[in-house]
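Colleague: Following this line is run.cif, made up of mmCIF, C-alpha atoms and all ligand atoms:
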data_entry
loop_
_atom_site.label_atom_id
_atom_site.label_comp_id
_atom_site.auth_asym_id
_atom_site.auth_seq_id
_atom_site.Cartn_x
_atom_site.Cartn_y
_atom_site.Cartn_z
CA MET A 22 26.35 -8.64 -5.94
CA THR A 23 25.84 -6.15 -8.76
CA GLU A 24 22.23 -6.94 -9.73
CA ILE A 25 19.08 -7.96 -7.86
CA LYS A 26 15.49 -8.78 -8.82
CA VAL A 27 12.81 -8.03 -6.24
CA PHE A 28 9.08 -8.47 -5.66
CA CYS A 29 7.47 -5.20 -4.51
CA PRO A 30 4.14 -5.83 -2.75
CA ALA A 31 0.90 -3.96 -3.25
CA THR A 32 -0.40 -2.43 -0.02
CA ILE A 33 -3.69 -1.41 1.57
CA ALA A 34 -3.34 1.96 3.29
CA ASN A 35 -5.61 3.42 5.99
CA VAL A 36 -7.26 0.01 6.70
CA SER A 37 -10.46 2.02 7.42
CA CYS A 38 -9.69 3.58 10.81
CA GLY A 39 -6.00 4.49 10.33
CA PHE A 40 -6.00 7.33 7.80
CA ASP A 41 -2.36 8.08 6.86
CA VAL A 42 -1.04 6.03 9.80
CA LEU A 43 -1.80 2.35 9.09
CA GLY A 44 -1.21 0.00 6.19
CA LEU A 45 -0.68 -3.66 5.35
CA ALA A 46 1.26 -5.47 2.63
CA LEU A 47 -0.22 -8.06 0.25
CA GLU A 48 1.33 -11.38 -0.70
CA SER A 49 -0.08 -12.16 -4.12
CA VAL A 50 -0.21 -8.77 -5.84
CA GLY A 51 2.85 -6.67 -6.65
CA ASP A 52 5.43 -5.44 -9.14
CA PHE A 53 8.81 -6.86 -10.10
CA MET A 54 11.90 -4.75 -10.36
CA THR A 55 15.50 -5.36 -11.43
CA VAL A 56 18.13 -3.00 -10.05
CA ARG A 57 21.81 -3.07 -11.02
CA LYS A 58 24.86 -1.01 -10.09
CA ILE A 59 26.30 1.35 -12.70
CA PRO A 60 29.54 3.37 -12.50
CA GLU A 61 27.94 6.84 -12.95
CA LYS A 62 26.47 8.45 -9.80
CA THR A 63 22.95 8.65 -11.17
CA ILE A 64 19.66 6.75 -11.30
CA ARG A 65 18.75 5.53 -14.78
CA ILE A 66 15.34 3.99 -15.49
CA SER A 67 15.99 1.92 -18.58
CA ARG A 68 12.71 0.07 -19.05
CA ILE A 69 9.13 -0.02 -17.75
CA VAL A 70 6.72 -2.69 -18.97
CA GLY A 71 3.02 -2.97 -18.13
CA GLN A 72 2.34 0.76 -17.64
CA ASN A 73 2.97 3.97 -19.47
CA LEU A 74 5.06 5.84 -16.88
CA PRO A 75 7.87 8.39 -17.26
CA LEU A 76 11.43 7.14 -17.66
CA GLU A 77 12.91 10.51 -16.60
CA THR A 78 14.48 10.03 -13.16
CA GLU A 79 13.00 13.17 -11.57
CA LYS A 80 9.49 12.35 -12.85
CA ASN A 81 9.50 8.72 -11.75
CA VAL A 82 8.77 7.76 -8.12
CA SER A 83 11.50 5.08 -8.05
CA GLY A 84 13.88 7.65 -9.54
CA VAL A 85 13.32 10.29 -6.87
CA ALA A 86 13.34 7.72 -4.06
CA GLY A 87 16.64 6.39 -5.43
CA LEU A 88 18.09 9.90 -5.65
CA ALA A 89 17.17 10.48 -1.99
CA LEU A 90 19.11 7.33 -1.06
CA LEU A 91 22.10 8.26 -3.24
CA ALA A 92 22.26 11.71 -1.64
CA LYS A 93 22.77 10.09 1.79
CA SER A 94 25.20 7.43 0.56
CA ASP A 95 28.95 7.53 0.11
CA TYR A 96 28.68 5.04 -2.77
CA VAL A 97 30.45 6.57 -5.77
CA GLY A 98 28.33 4.86 -8.46
CA GLY A 99 24.61 4.78 -9.26
CA PHE A 100 21.83 2.38 -10.29
CA GLU A 101 19.87 1.27 -13.33
CA ILE A 102 16.25 0.19 -12.81
CA GLU A 103 13.89 -1.97 -14.88
CA ILE A 104 10.28 -2.17 -13.72
CA ASP A 105 7.65 -4.78 -14.54
CA LYS A 106 4.52 -2.91 -13.36
CA ARG A 107 1.68 -5.23 -12.43
CA ILE A 108 -0.11 -2.71 -10.16
CA LYS A 109 -1.96 -0.01 -12.07
CA SER A 110 -1.42 3.59 -11.05
CA GLY A 111 -4.43 5.20 -9.43
CA SER A 112 -5.67 1.78 -8.24
CA GLY A 113 -5.55 2.46 -4.50
CA ILE A 114 -3.28 -0.48 -3.71
CA GLY A 115 0.00 1.38 -3.50
CA SER A 116 1.34 1.39 -7.05
CA SER A 117 3.73 4.30 -6.45
CA ALA A 118 4.75 2.89 -3.05
CA ALA A 119 5.68 -0.48 -4.58
CA SER A 120 8.05 1.23 -7.04
CA SER A 121 9.55 3.63 -4.47
CA ALA A 122 9.97 1.01 -1.74
CA GLY A 123 11.20 -1.69 -4.14
CA ALA A 124 13.86 0.61 -5.61
CA VAL A 125 15.41 1.74 -2.31
CA TRP A 126 15.17 -1.71 -0.72
CA ALA A 127 17.00 -3.26 -3.70
CA MET A 128 19.67 -0.52 -3.72
CA ASN A 129 20.28 -1.02 0.00
CA GLU A 130 20.81 -4.76 -0.57
CA LEU A 131 23.30 -4.06 -3.38
CA LEU A 132 25.23 -1.70 -1.09
CA GLY A 133 25.43 -4.24 1.79
CA LYS A 134 22.52 -2.80 3.83
CA PRO A 135 24.02 0.48 5.11
CA PHE A 136 20.53 1.93 5.77
CA SER A 137 17.87 0.90 8.31
CA LYS A 138 14.27 0.11 7.31
CA LEU A 139 13.23 3.44 8.82
CA GLU A 140 15.69 5.29 6.59
CA LEU A 141 14.45 3.35 3.55
CA VAL A 142 10.89 4.45 4.38
CA GLU A 143 12.11 8.07 4.51
CA PHE A 144 13.70 7.74 1.05
CA ALA A 145 10.63 6.00 -0.39
CA MET A 146 8.38 8.76 1.00
CA GLN A 147 9.98 11.10 -1.54
CA GLY A 148 8.33 8.96 -4.23
CA GLU A 149 4.96 9.38 -2.49
CA LEU A 150 5.52 13.12 -2.34
CA LEU A 151 5.98 13.16 -6.12
CA ALA A 152 2.97 10.92 -6.74
CA SER A 153 0.43 12.51 -4.40
CA ASP A 154 1.82 15.86 -3.18
CA MET A 155 2.04 14.38 0.31
CA ALA A 156 4.86 12.26 1.72
CA HIS A 157 2.51 9.80 3.44
CA ALA A 158 4.13 6.59 4.73
CA ASP A 159 1.15 4.28 5.18
CA ASN A 160 1.89 2.41 1.92
CA VAL A 161 5.70 2.50 1.86
CA ALA A 162 6.07 1.45 5.54
CA PRO A 163 4.22 -1.88 5.16
CA ALA A 164 5.88 -2.39 1.74
CA ILE A 165 9.30 -2.21 3.45
CA TYR A 166 8.55 -3.74 6.88
CA GLY A 167 5.92 -6.26 5.70
CA GLY A 168 2.71 -7.09 7.58
CA PHE A 169 0.80 -4.27 9.24
CA ALA A 170 2.78 -1.12 9.99
CA LEU A 171 1.75 1.86 12.09
CA VAL A 172 3.15 5.33 11.46
CA ARG A 173 3.10 6.53 15.08
CA SER A 174 4.67 9.87 14.18
CA TYR A 175 5.61 11.84 11.08
CA ASP A 176 7.29 14.53 13.16
CA SER A 177 10.46 12.52 13.64
CA LEU A 178 9.32 9.45 11.74
CA ASP A 179 8.41 6.49 13.96
CA ILE A 180 7.20 3.24 12.40
CA ILE A 181 5.81 0.43 14.57
CA PRO A 182 5.61 -3.02 12.93
CA LEU A 183 2.51 -4.90 14.15
CA PRO A 184 1.71 -8.63 14.34
CA THR A 185 -0.40 -10.37 11.70
CA PRO A 186 -2.95 -13.00 12.79
CA ALA A 187 -2.16 -16.17 10.80
CA GLU A 188 -5.61 -16.71 9.32
CA LEU A 189 -6.18 -13.17 8.09
CA TYR A 190 -6.92 -12.82 4.36
CA ALA A 191 -7.50 -9.70 2.29
CA THR A 192 -9.87 -9.59 -0.66
CA VAL A 193 -9.51 -6.59 -2.95
CA ILE A 194 -11.71 -5.55 -5.85
CA HIS A 195 -10.14 -3.08 -8.22
CA PRO A 196 -12.71 -1.36 -10.44
CA GLN A 197 -10.88 -0.39 -13.64
CA ILE A 198 -11.21 3.33 -13.12
CA GLU A 199 -8.42 5.62 -11.97
CA ILE A 200 -8.57 7.83 -8.88
CA ASN A 201 -5.59 10.07 -8.37
CA THR A 202 -4.54 10.19 -4.69
CA SER A 203 -3.86 13.90 -4.84
CA ASP A 204 -7.41 14.56 -6.20
CA SER A 205 -9.03 12.31 -3.63
CA ARG A 206 -7.19 14.14 -0.84
CA LYS A 207 -8.38 17.52 -2.07
CA ILE A 208 -12.03 16.63 -1.46
CA LEU A 209 -11.40 15.85 2.24
CA ARG A 210 -12.15 18.28 5.02
CA THR A 211 -9.10 19.38 6.96
CA SER A 212 -10.79 19.43 10.35
CA ILE A 213 -12.89 16.85 12.19
CA SER A 214 -15.17 17.03 15.20
CA LEU A 215 -14.25 15.74 18.64
CA ALA A 216 -16.98 13.07 18.33
CA GLN A 217 -15.46 11.84 15.04
CA GLY A 218 -11.99 11.76 16.58
CA ILE A 219 -13.22 9.72 19.55
CA GLN A 220 -14.82 7.13 17.25
CA GLN A 221 -11.77 6.89 15.01
CA TRP A 222 -9.07 6.53 17.67
CA GLY A 223 -11.24 4.07 19.56
CA ASN A 224 -11.42 1.93 16.44
CA LEU A 225 -7.72 2.29 15.65
CA GLY A 226 -6.81 1.17 19.17
CA GLY A 227 -9.30 -1.69 18.85
CA LEU A 228 -7.87 -2.85 15.53
CA ILE A 229 -4.31 -2.85 16.85
CA SER A 230 -5.39 -4.73 20.00
CA GLY A 231 -7.20 -7.23 17.77
CA LEU A 232 -3.98 -7.84 15.79
CA TYR A 233 -2.00 -8.46 19.00
CA GLN A 234 -4.66 -10.71 20.52
CA ASN A 235 -5.54 -12.65 17.34
CA ASP A 236 -9.08 -11.49 18.05
CA TYR A 237 -10.83 -11.58 14.68
CA ASN A 238 -14.10 -10.35 16.12
CA LEU A 239 -12.41 -7.28 17.61
CA ILE A 240 -10.64 -6.64 14.29
CA GLY A 241 -14.04 -6.73 12.58
CA ARG A 242 -15.69 -4.45 15.16
CA SER A 243 -12.92 -1.90 14.62
CA LEU A 244 -12.90 -1.74 10.81
CA HIS A 245 -14.91 1.48 10.46
CA ASP A 246 -14.19 4.89 9.05
CA HIS A 247 -16.92 7.46 9.67
CA ILE A 248 -14.77 10.39 8.55
CA PHE A 249 -13.21 9.82 5.13
CA GLU A 250 -15.15 6.88 3.71
CA PRO A 251 -18.49 8.74 3.36
CA ILE A 252 -16.73 11.48 1.35
CA ARG A 253 -14.56 9.31 -0.85
CA SER A 254 -16.97 6.44 -1.44
CA VAL A 255 -19.14 8.57 -3.75
CA LEU A 256 -16.28 8.32 -6.28
CA ILE A 257 -16.48 4.51 -6.30
CA PRO A 258 -19.36 2.94 -8.24
CA GLY A 259 -21.25 0.37 -6.16
CA PHE A 260 -19.20 0.90 -2.99
CA ASP A 261 -22.11 0.58 -0.53
CA GLU A 262 -23.46 -2.53 -2.25
CA VAL A 263 -20.06 -4.25 -2.34
CA LYS A 264 -19.51 -3.47 1.34
CA THR A 265 -22.96 -4.58 2.50
CA ASN A 266 -22.77 -7.83 0.53
CA ALA A 267 -19.19 -8.61 1.63
CA ILE A 268 -20.13 -8.24 5.30
CA GLU A 269 -23.33 -10.23 4.78
CA VAL A 270 -21.39 -13.24 3.43
CA GLY A 271 -19.00 -13.10 6.38
CA ALA A 272 -16.18 -10.56 5.90
CA LEU A 273 -14.87 -9.13 9.17
CA GLY A 274 -15.05 -5.65 7.67
CA CYS A 275 -14.79 -3.79 4.39
CA GLY A 276 -13.65 -0.33 3.31
CA ILE A 277 -11.78 1.78 0.77
CA SER A 278 -8.22 0.69 0.04
CA GLY A 279 -6.03 3.78 0.33
CA SER A 280 -7.61 6.58 -1.63
CA GLY A 281 -9.60 4.16 -3.84
CA PRO A 282 -11.07 3.06 -6.16
CA SER A 283 -10.08 -0.39 -4.85
CA ILE A 284 -12.27 -1.77 -2.07
CA PHE A 285 -10.79 -4.22 0.46
CA ALA A 286 -12.29 -6.66 2.92
CA LEU A 287 -10.55 -8.66 5.63
CA SER A 288 -11.70 -12.19 6.44
CA LYS A 289 -10.79 -15.04 8.74
CA GLY A 290 -9.53 -17.94 6.61
CA LYS A 291 -9.00 -18.46 2.89
CA HIS A 292 -12.39 -20.06 2.37
CA MET A 293 -14.18 -16.97 3.72
CA GLY A 294 -11.86 -14.69 1.72
CA GLN A 295 -12.90 -16.60 -1.42
CA ARG A 296 -16.61 -16.26 -0.56
CA VAL A 297 -16.08 -12.52 -0.22
CA ALA A 298 -14.25 -12.48 -3.57
CA ASP A 299 -17.20 -14.28 -5.20
CA SER A 300 -19.64 -11.84 -3.61
CA MET A 301 -17.62 -8.85 -4.85
CA LYS A 302 -17.49 -10.32 -8.38
CA GLU A 303 -21.22 -10.97 -8.39
CA THR A 304 -22.03 -7.47 -7.14
CA TYR A 305 -19.72 -5.79 -9.60
CA SER A 306 -20.80 -7.84 -12.64
CA LYS A 307 -24.17 -6.05 -12.38
CA ILE A 308 -22.56 -2.60 -12.22
CA GLY A 309 -21.00 -2.80 -15.66
CA VAL A 310 -17.54 -1.44 -14.77
CA PRO A 311 -14.66 -3.85 -15.58
CA PHE A 312 -12.82 -5.06 -12.48
CA GLN A 313 -10.15 -7.34 -11.08
CA VAL A 314 -10.39 -9.24 -7.81
CA HIS A 315 -7.41 -10.37 -5.72
CA LEU A 316 -7.39 -12.73 -2.75
CA SER A 317 -4.22 -12.52 -0.71
CA LYS A 318 -2.63 -13.42 2.58
CA VAL A 319 -0.92 -10.58 4.39
CA ASN A 320 2.73 -10.44 3.28
CA THR A 321 4.78 -10.38 6.46
CA GLN A 322 8.13 -9.95 4.73
CA GLY A 323 7.67 -6.82 2.59
CA VAL A 324 9.85 -6.30 -0.49
CA LYS A 325 11.79 -9.50 -1.16
CA LYS A 326 14.64 -10.74 -3.30
CA ILE A 327 13.59 -13.23 -5.95
CA ALA A 328 16.83 -13.47 -7.95
N1 LIG B 1 -3.39 7.62 3.34
C1 LIG B 1 -3.38 7.88 1.93
C2 LIG B 1 -4.71 8.50 1.55
C3 LIG B 1 -3.15 6.60 1.19
O1 LIG B 1 -5.73 7.95 1.98
O2 LIG B 1 -4.74 9.50 0.85
C4 LIG B 1 -3.10 6.74 -0.29
O3 LIG B 1 -2.82 5.46 -0.85
#
Please render this file's structure as structure tokens.
Modeller:
Amino acid sequence: MTEIKVFCPATIANVSCGFDVLGLALESVGDFMTVRKIPEKTIRISRIVGQNLPLETEKNVSGVAGLALLAKSDYVGGFEIEIDKRIKSGSGIGSSAASSAGAVWAMNELLGKPFSKLELVEFAMQGELLASDMAHADNVAPAIYGGFALVRSYDSLDIIPLPTPAELYATVIHPQIEINTSDSRKILRTSISLAQGIQQWGNLGGLISGLYQNDYNLIGRSLHDHIFEPIRSVLIPGFDEVKTNAIEVGALGCGISGSGPSIFALSKGKHMGQRVADSMKETYSKIGVPFQVHLSKVNTQGVKKIA
């Protein structure tokens, strides 16, 4: 195999209570990427459609992630990448992660899978470092592993794949404004109180238990973030209204997707996910900011080969 085409899923990081340590992959939103082997030991980005992003290898997240893989590989050649970007940068649904994860996953397939998923996450994190000044793994881990993924430790990376309840749906509204992850990290405080910590790790444990037990009510009870959401939500027009209305129509919970501006809600069943989508559309139509709404199952496979 010398060429592969892959689907690279969008992802929701943090999932309210898991700042920098939890994320999930989406099924119906993502980029497409074609990767082929070339004889020169380099990464060449030949074409990007859908977004105005740099083609220079060192300035492109898929380029630096690919270079990290090449540096650890004994493969004598390199790769050429074409990207069909469907996820906007600065959307909060893992645009940079999709490109970084998709690139290294595809390269690994072309090389006969010499690297583990954990190693692929480590390579892809170099793309996140370029995009947001922080090598966070809560988008690239679910993009590579699929489903929900927990980053148990960064100090010696440890990723724990988690189960996905079958009827769980994500609704995402993406207001067409851009929030740079690096900017939205700068406004956060670097210390939290003991009381805030207790609330947050209680909820994170609750959410993970809910996933294991298929307990939708427990998942809903745990989807809270009292630390980061109050600070970041001021950057998102209509956040409080969208959240209140989504929960009123029946969402299990609702919060900021990654660093925003996208807002996500989780629901039990497609019908409820659609009601939440309608509620988000109705709320946002009055705000006057253009938006896109996505309804998606959780993607339990991660990046996948499509040709
Ligand atoms: N955990 C990261 C943050 C995710 O919230 O800054 C960015 O997508």
Colleague: Between atom CA of Gly71 of chain A and atom CA of Ser278 of chain A, what is the distance, to one decimal in Å?
Modeller: 21.7 Å
Colleague: Give as an MDAnalysis selection string the residues surrounding ligand LIG 1 (chain B) up to a distance of 9 Å, considering all atoms listed in the file.
Modeller: chainID A and resid 32:35 39:44 111:118 149 153 155 157:160 202:203 205:206 249 277:281
Colleague: I'd like the interatomic distance between atom CA of Val27 of chain A and atom CA of Val324 of chain A, to a tenth of an Å.
Modeller: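 Separation of atom CA of Val27 of chain A and atom CA of Val324 of chain A: 6.7 Å.
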Colleague: List the spatial neighbours of segment 131-148 of chain A as an mmCIF file with C-alpha atoms, in the coordinates of the input - criterion: any atom at most 8 Å away, all atoms listed in the file, same-chain residues fewer than 3 positions off excluded.
Modeller:
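Listed below is the output, selection-v8.cif:
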data_model
loop_
_atom_site.group_PDB
_atom_site.id
_atom_site.type_symbol
_atom_site.label_atom_id
_atom_site.label_comp_id
_atom_site.auth_asym_id
_atom_site.auth_seq_id
_atom_site.Cartn_x
_atom_site.Cartn_y
_atom_site.Cartn_z
ATOM 1 C CA MET A 22 26.350 -8.640 -5.940
ATOM 2 C CA THR A 23 25.840 -6.150 -8.760
ATOM 3 C CA GLU A 24 22.230 -6.940 -9.730
ATOM 4 C CA ILE A 25 19.080 -7.960 -7.860
ATOM 5 C CA ARG A 57 21.810 -3.070 -11.020
ATOM 6 C CA LYS A 58 24.860 -1.010 -10.090
ATOM 7 C CA ASN A 81 9.500 8.720 -11.750
ATOM 8 C CA VAL A 82 8.770 7.760 -8.120
ATOM 9 C CA SER A 83 11.500 5.080 -8.050
ATOM 10 C CA GLY A 84 13.880 7.650 -9.540
ATOM 11 C CA VAL A 85 13.320 10.290 -6.870
ATOM 12 C CA ALA A 86 13.340 7.720 -4.060
ATOM 13 C CA GLY A 87 16.640 6.390 -5.430
ATOM 14 C CA ALA A 89 17.170 10.480 -1.990
ATOM 15 C CA LEU A 90 19.110 7.330 -1.060
ATOM 16 C CA TYR A 96 28.680 5.040 -2.770
ATOM 17 C CA SER A 117 3.730 4.300 -6.450
ATOM 18 C CA ALA A 118 4.750 2.890 -3.050
ATOM 19 C CA SER A 121 9.550 3.630 -4.470
ATOM 20 C CA ALA A 122 9.970 1.010 -1.740
ATOM 21 C CA VAL A 125 15.410 1.740 -2.310
ATOM 22 C CA TRP A 126 15.170 -1.710 -0.720
ATOM 23 C CA ALA A 127 17.000 -3.260 -3.700
ATOM 24 C CA MET A 128 19.670 -0.520 -3.720
ATOM 25 C CA LEU A 151 5.980 13.160 -6.120
ATOM 26 C CA ALA A 152 2.970 10.920 -6.740
ATOM 27 C CA ALA A 156 4.860 12.260 1.720
ATOM 28 C CA HIS A 157 2.510 9.800 3.440
ATOM 29 C CA ALA A 158 4.130 6.590 4.730
ATOM 30 C CA VAL A 161 5.700 2.500 1.860
ATOM 31 C CA ALA A 162 6.070 1.450 5.540
ATOM 32 C CA ILE A 165 9.300 -2.210 3.450
ATOM 33 C CA TYR A 166 8.550 -3.740 6.880
ATOM 34 C CA LEU A 178 9.320 9.450 11.740
ATOM 35 C CA ASP A 179 8.410 6.490 13.960
ATOM 36 C CA ILE A 180 7.200 3.240 12.400
#
Colleague: Would you mind telling me which residue in A:Leu88, A:Arg68, A:Phe53, A:Thr63 lies nearest to Ala328 of chain A when using only C-alpha atoms?
Modeller: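 Looking only at the distances to Ala328 of chain A, the closest residue turns out to be A:Phe53.
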Colleague: Which residue gives the smallest distance to Lys302 of chain A among A:Leu47, A:Leu150, A:Leu316, A:Ile64, with all atoms listed in the file counted?
Modeller: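 Distance minimum relative to Lys302 of chain A lands on A:Leu316.
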Colleague: Could you pull the residues within 7 Å of Ile240 of chain A, counting all atoms listed in the file, minus those fewer than 5 positions along the same chain, as a list of chain:residue names?
Modeller: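 Within the cut-off, the hits are A:Gly227, A:Leu228, A:Gly231, A:Leu232.
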Colleague: So which residues touch Val263 of chain A within 9 Å, counting all atoms listed in the file, skipping near sequence neighbours fewer than 5 positions away, as number ranges by chain?
Modeller: A: 268, 275, 284, 300-302, 304-305
Colleague: Quick one: write out the picked residues with C-alpha atoms as a compact mmCIF listing (two decimals), keeping the file's coordinate frame?
Modeller:
# COMPACT_ATOMS: atom_id res chain seq x y z
CA ILE A 268 -20.13 -8.24 5.30
CA CYS A 275 -14.79 -3.79 4.39
CA ILE A 284 -12.27 -1.77 -2.07
CA SER A 300 -19.64 -11.84 -3.61
CA MET A 301 -17.62 -8.85 -4.85
CA LYS A 302 -17.49 -10.32 -8.38
CA THR A 304 -22.03 -7.47 -7.14
CA TYR A 305 -19.72 -5.79 -9.60
Colleague: May I ask which of the residues A:Arg210, A:Arg296, A:Lys291, A:His245 is the closest one to Ser317 of chain A, counting all atoms listed in the file?
Modeller: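 Of A:Arg210, A:Arg296, A:Lys291, A:His245, the one nearest Ser317 of chain A is A:Lys291, counting all atoms listed in the file.
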Colleague: Pick out the residues sitting within 8 Å of segment 219-226 of chain A, and hand them over as an mmCIF file with C-alpha atoms, in the frame of the given file; count only C-alpha atoms, and ignore anything fewer than 5 positions along from it in its own chain.
Modeller:
data_model
loop_
_atom_site.group_PDB
_atom_site.id
_atom_site.type_symbol
_atom_site.label_atom_id
_atom_site.label_comp_id
_atom_site.auth_asym_id
_atom_site.auth_seq_id
_atom_site.Cartn_x
_atom_site.Cartn_y
_atom_site.Cartn_z
ATOM 1 C CA CYS A 38 -9.690 3.580 10.810
ATOM 2 C CA GLY A 39 -6.000 4.490 10.330
ATOM 3 C CA ARG A 242 -15.690 -4.450 15.160
ATOM 4 C CA SER A 243 -12.920 -1.900 14.620
ATOM 5 C CA LEU A 244 -12.900 -1.740 10.810
ATOM 6 C CA HIS A 245 -14.910 1.480 10.460
ATOM 7 C CA ASP A 246 -14.190 4.890 9.050
ATOM 8 C CA HIS A 247 -16.920 7.460 9.670
ATOM 9 C CA ILE A 248 -14.770 10.390 8.550
#
Colleague: I'd like the contact shell of Ala267 of chain A - 10 Å cut-off, all atoms listed in the file, skipping same-chain residues fewer than 4 positions apart - returned as a PDB file with C-alpha atoms, in the coordinates of the input.
Modeller:
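Output below, filename out13.pdb:
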ATOM      1  CA  THR A 192      -9.870  -9.590  -0.660  1.00  0.00           C
ATOM      2  CA  ASP A 261     -22.110   0.580  -0.530  1.00  0.00           C
ATOM      3  CA  GLU A 262     -23.460  -2.530  -2.250  1.00  0.00           C
ATOM      4  CA  VAL A 263     -20.060  -4.250  -2.340  1.00  0.00           C
ATOM      5  CA  GLY A 271     -19.000 -13.100   6.380  1.00  0.00           C
ATOM      6  CA  ALA A 272     -16.180 -10.560   5.900  1.00  0.00           C
ATOM      7  CA  LEU A 273     -14.870  -9.130   9.170  1.00  0.00           C
ATOM      8  CA  GLY A 274     -15.050  -5.650   7.670  1.00  0.00           C
ATOM      9  CA  CYS A 275     -14.790  -3.790   4.390  1.00  0.00           C
ATOM     10  CA  PHE A 285     -10.790  -4.220   0.460  1.00  0.00           C
ATOM     11  CA  ALA A 286     -12.290  -6.660   2.920  1.00  0.00           C
ATOM     12  CA  LEU A 287     -10.550  -8.660   5.630  1.00  0.00           C
ATOM     13  CA  SER A 288     -11.700 -12.190   6.440  1.00  0.00           C
ATOM     14  CA  MET A 293     -14.180 -16.970   3.720  1.00  0.00           C
ATOM     15  CA  GLY A 294     -11.860 -14.690   1.720  1.00  0.00           C
ATOM     16  CA  ARG A 296     -16.610 -16.260  -0.560  1.00  0.00           C
ATOM     17  CA  VAL A 297     -16.080 -12.520  -0.220  1.00  0.00           C
ATOM     18  CA  ALA A 298     -14.250 -12.480  -3.570  1.00  0.00           C
ATOM     19  CA  ASP A 299     -17.200 -14.280  -5.200  1.00  0.00           C
ATOM     20  CA  SER A 300     -19.640 -11.840  -3.610  1.00  0.00           C
ATOM     21  CA  MET A 301     -17.620  -8.850  -4.850  1.00  0.00           C
ATOM     22  CA  THR A 304     -22.030  -7.470  -7.140  1.00  0.00           C
TER      23      THR A 304
END
Colleague: What does the distance between atom CA of Asp236 of chain A and atom CA of Gly259 of chain A come to in Å, to one decimal place?
Modeller: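 Taking atom CA of Asp236 of chain A as the start and atom CA of Gly259 of chain A as the end point, the length is 29.6 Å.
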Colleague: When you count all atoms listed in the file, which of these residues is closest to Pro186 of chain A: A:Ser254, A:Phe169, A:Ser67, A:Asn73?
Modeller: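 When distances to Pro186 of chain A are compared using all atoms listed in the file, the smallest one comes from A:Phe169.
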Colleague: Between A:Asn201, A:Thr78, A:Asn129, A:Thr265, which has the minimum distance to Ser110 of chain A (counting all atoms listed in the file)?
Modeller: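 Under the stated criterion, the closest residue is A:Asn201.
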Colleague: Can you sort out the box for segment 173-188 of chain A, edges along x, y and z, all listed atoms in, 5 Å on every side, with centre and edge lengths in Å to one decimal, as lines of an AutoDock Vina configuration file?
Modeller:
center_x = 2.4
center_y = -1.1
center_z = 12.2
size_x = 26.1
size_y = 41.2
size_z = 15.8
Colleague: Smallest atom-to-atom distance to Lys80 of chain A: which of A:Arg65, A:Lys26, A:Ala164, A:Leu189, using all atoms listed in the file?
Modeller: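 Of the candidates, the smallest distance to Lys80 of chain A is held by A:Arg65.
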